[in-house]
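Beneath this line is the structure, given in structure tokens, with notes to follow.
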Amino acid sequence: MSAKRTLSRVVYGSRYDRVPRGQRVYVRPGERIAREIQWRLRIRRTPVMRFQDYRERTLLEETEEFITCQLCGETRQQPMFQPAGDKRAWSYRVVRCPACGFLYRNPNIRPDRLGDRYATGHSGFPTGRYAANRQRRYRLTMDAFGPALSSGQGRRLLDFGCGTGLFLRLAERRGFDAVGVDLSPGSVAAANERLTGARAYLGSPQDVPRVAAGGFDVITLWSVLAHLPRPIDDLGRLRALLAPGGVLLVLTVNAASLRLKAYGSGWNGFTRNQLMFYSAETMPALLRRTGFAGVAFTPFYGDTVEASTTRLPERLSRRLRRTVEIGDGGNMLRALAFADDEAVDRWGANLQVHRLA
């Protein structure tokens, strides 16, 4: 048994053994404070390096490039994590910007090689429990932001990085005039085999005249933002595609997650193709630089908790919700960005909107 597991056993005994591992950090007494202290100590103890020194000490693959902070331009590097897949099938380095706190992969993937990662192996259409769980997550996230996404009647929607069209099926059922774009030929083909009113296209938005014309009321990024190597450029282009009063919905892994602070390189948000890791503290800088007027975040308690299918006893479910609300906001980050003041006025009621101007 590892030292950490031994310490946990001494402190908590077996009382939380039946709690799913991902929920334990939110329900065990005192853990939130302990993990926050652990995180601050990690930052304090991790050296900050000059960009040139970091480059000289780090291996660069043919598909990669060294980058500086995409949000503030800071060149210094603070190496934090080295996530790896099973049997090290993949691995990479994650650094922290010492100026703004942004976490990102460095070396990063060259933009011209990004499509290589999605050209094959992404065309299997999700079915069964996986598909049901994904659509449940879509519904819960949309519902968390109220009227902005409840009805699509008379509204146009673009799903950026639509994959095999699982969300597009939900969007068309909600009445949206929906289209999607994706870099995977197999995924686009699979999506169009199963869609009725909606349609998926291969390539970037600028490659498709119907999409490039803009005028969208809603743009969605479901677990896509973390995969973009040039987020300022991509978000700027998406902002230009929104109609007056439009909104951008983002779901991505949360770089402020207690689970990241607890598990480090073993965090489940560090997956093979993730490049950038945002939090409620760093995402506003990205949205401000790309022309959005405001942003609202809603807590992510976990799909089973929000759908009332969790195995947690009610007292622990309440404790989890309190911990999320006063702490990190959950393991996933849910954001609704407003294109302009008209969007804030129309859709921002009952949401805590952070103005970005």
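Residue numbering restarts at 1 in every chain; chains get A, B, ... in the order shown in the structure tokens, and ligands count up from 1 in that same order.
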Can you list, as a VMD selection string, every protein, DNA or RNA residue that comes within 7 Å of range 20-32 of chain A when you count only C-alpha atoms, leaving out same-chain residues fewer than 3 positions away?
-> chain A and resid 35 to 36 258 to 259 316 319 to 320 323
Sort by chain and increasing residue number a table of all residues of range 117-228 of chain A within 12 Å of range 96-105 of chain A, each with its closest pair of atoms and their distance in Å to one decimal, counting only C-alpha atoms, and write it as a Markdown table.
```
| residue | atom | partner | partner_atom | distance |
| --- | --- | --- | --- | --- |
| A:Leu225 | CA | A:Tyr104 | CA | 11.9 |
| A:Ala226 | CA | A:Tyr104 | CA | 9.0 |
| A:His227 | CA | A:Arg105 | CA | 10.3 |
| A:Leu228 | CA | A:Tyr104 | CA | 10.8 |
```
For those residues, write N, CA and C atoms to a file as a tab-separated table (two decimals), in the first residue's frame.
```
chain	number	residue	atom	x	y	z
A	225	LEU	N	-12.35	22.65	-26.33
A	225	LEU	CA	-11.47	23.80	-26.09
A	225	LEU	C	-10.07	23.35	-25.68
A	226	ALA	N	-9.98	22.29	-24.89
A	226	ALA	CA	-8.67	21.81	-24.42
A	226	ALA	C	-7.81	21.25	-25.55
A	227	HIS	N	-8.40	21.02	-26.72
A	227	HIS	CA	-7.68	20.43	-27.85
A	227	HIS	C	-7.19	21.47	-28.85
A	228	LEU	N	-7.41	22.74	-28.58
A	228	LEU	CA	-7.07	23.78	-29.55
A	228	LEU	C	-5.69	24.37	-29.24
```
Contacts of Glu61 in chain A within 10 Å, only C-alpha atoms, excl. fewer than 5 positions in-chain, as a ChimeraX atom specification = /A:107-109
How about saving the chosen residues, C-alpha atoms kept, as an mmCIF file, in the first residue's frame?
```cif
data_model
loop_
_atom_site.group_PDB
_atom_site.id
_atom_site.type_symbol
_atom_site.label_atom_id
_atom_site.label_comp_id
_atom_site.auth_asym_id
_atom_site.auth_seq_id
_atom_site.Cartn_x
_atom_site.Cartn_y
_atom_site.Cartn_z
ATOM 1 C CA PRO A 107 5.929 21.118 -25.927
ATOM 2 C CA ASN A 108 2.562 21.481 -27.626
ATOM 3 C CA ILE A 109 1.205 20.010 -30.852
#
```
Taking the chain letters and numbering used in this document, name the residues of range 42-210 of chain A that DSSP puts in strand (DSSP E), as a ChimeraX atom specification.
-> /A:64-65,78-81,94-96,103-105,108-109,156-160,177-182,199-202
Export, as a PDB file, in the first residue's frame, the selected residues with C-alpha atoms.
```pdb
ATOM      1  CA  GLU A  64       5.580  19.343 -31.518  1.00  0.00           C
ATOM      2  CA  GLU A  65       6.705  22.888 -30.875  1.00  0.00           C
ATOM      3  CA  GLN A  78       7.027  26.173 -14.340  1.00  0.00           C
ATOM      4  CA  PRO A  79       7.063  22.392 -15.036  1.00  0.00           C
ATOM      5  CA  MET A  80       4.267  20.795 -13.010  1.00  0.00           C
ATOM      6  CA  PHE A  81       3.161  17.394 -14.325  1.00  0.00           C
ATOM      7  CA  VAL A  94       2.304  20.205 -18.433  1.00  0.00           C
ATOM      8  CA  VAL A  95       3.637  23.576 -17.327  1.00  0.00           C
ATOM      9  CA  ARG A  96       2.125  26.434 -15.380  1.00  0.00           C
ATOM     10  CA  LEU A 103      -1.787  25.280 -17.289  1.00  0.00           C
ATOM     11  CA  TYR A 104      -0.794  24.013 -20.727  1.00  0.00           C
ATOM     12  CA  ARG A 105       1.084  21.276 -22.493  1.00  0.00           C
ATOM     13  CA  ASN A 108       2.562  21.481 -27.626  1.00  0.00           C
ATOM     14  CA  ILE A 109       1.205  20.010 -30.852  1.00  0.00           C
ATOM     15  CA  ARG A 156     -29.127  28.505 -35.526  1.00  0.00           C
ATOM     16  CA  LEU A 157     -26.529  26.377 -33.754  1.00  0.00           C
ATOM     17  CA  LEU A 158     -22.971  25.359 -34.652  1.00  0.00           C
ATOM     18  CA  ASP A 159     -21.330  22.432 -32.852  1.00  0.00           C
ATOM     19  CA  PHE A 160     -17.592  22.976 -33.240  1.00  0.00           C
ATOM     20  CA  ASP A 177     -31.256  24.576 -37.015  1.00  0.00           C
ATOM     21  CA  ALA A 178     -28.019  22.747 -36.285  1.00  0.00           C
ATOM     22  CA  VAL A 179     -24.777  22.114 -38.160  1.00  0.00           C
ATOM     23  CA  GLY A 180     -21.425  20.764 -37.028  1.00  0.00           C
ATOM     24  CA  VAL A 181     -17.812  20.690 -38.196  1.00  0.00           C
ATOM     25  CA  ASP A 182     -15.085  18.181 -37.378  1.00  0.00           C
ATOM     26  CA  ARG A 199     -25.740  18.089 -40.867  1.00  0.00           C
ATOM     27  CA  ALA A 200     -22.006  17.654 -40.181  1.00  0.00           C
ATOM     28  CA  TYR A 201     -19.195  18.967 -42.395  1.00  0.00           C
ATOM     29  CA  LEU A 202     -15.534  18.069 -42.668  1.00  0.00           C
TER      30      LEU A 202
END
```
Which residue of A:Thr46, A:Ser204, A:Gln70, A:Thr58 approaches Leu286 in chain A most closely, using only C-alpha atoms =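 Result for the nearest residue to Leu286 in chain A: A:Gln70.
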Tell me, in Å to one decimal, how far CA of Leu356 in chain A is from CA of Tyr278 in chain A.
->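 Going from CA of Leu356 in chain A over to CA of Tyr278 in chain A covers 16.4 Å.
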Do you have the CA of Arg174 in chain A-CA of Gln153 in chain A distance handy?
-> 7.6 Å
Just list the residues in range 113-307 of chain A DSSP gives alpha helix (DSSP H) on the backbone, as an MDAnalysis selection string.
-> chainID A and resid 128:144 166:173 185:194 209:212 231:241 258:263 283:289 303:306
Which residue of A:Ala148, A:Leu251, A:Ala190, A:Leu183 approaches Phe338 in chain A most closely, using only C-alpha atoms |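 So, comparing all the options, the nearest one is A:Ala148.
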Among listed residues A:Ala240, A:Val19, A:Ala335, A:Leu260, nearest His354 in chain A (using only C-alpha atoms) = A:Ala335
Atomic separation - CA of Gly266 in chain A relative to CA of Ile43 in chain A, Å = 17.2 Å
Nearest to Arg88 in chain A: which of A:Leu60, A:Leu71, A:Arg194, A:Arg272 is it, counting only C-alpha atoms?
->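 The shortest atom-to-atom distance to Arg88 in chain A comes from A:Arg272.
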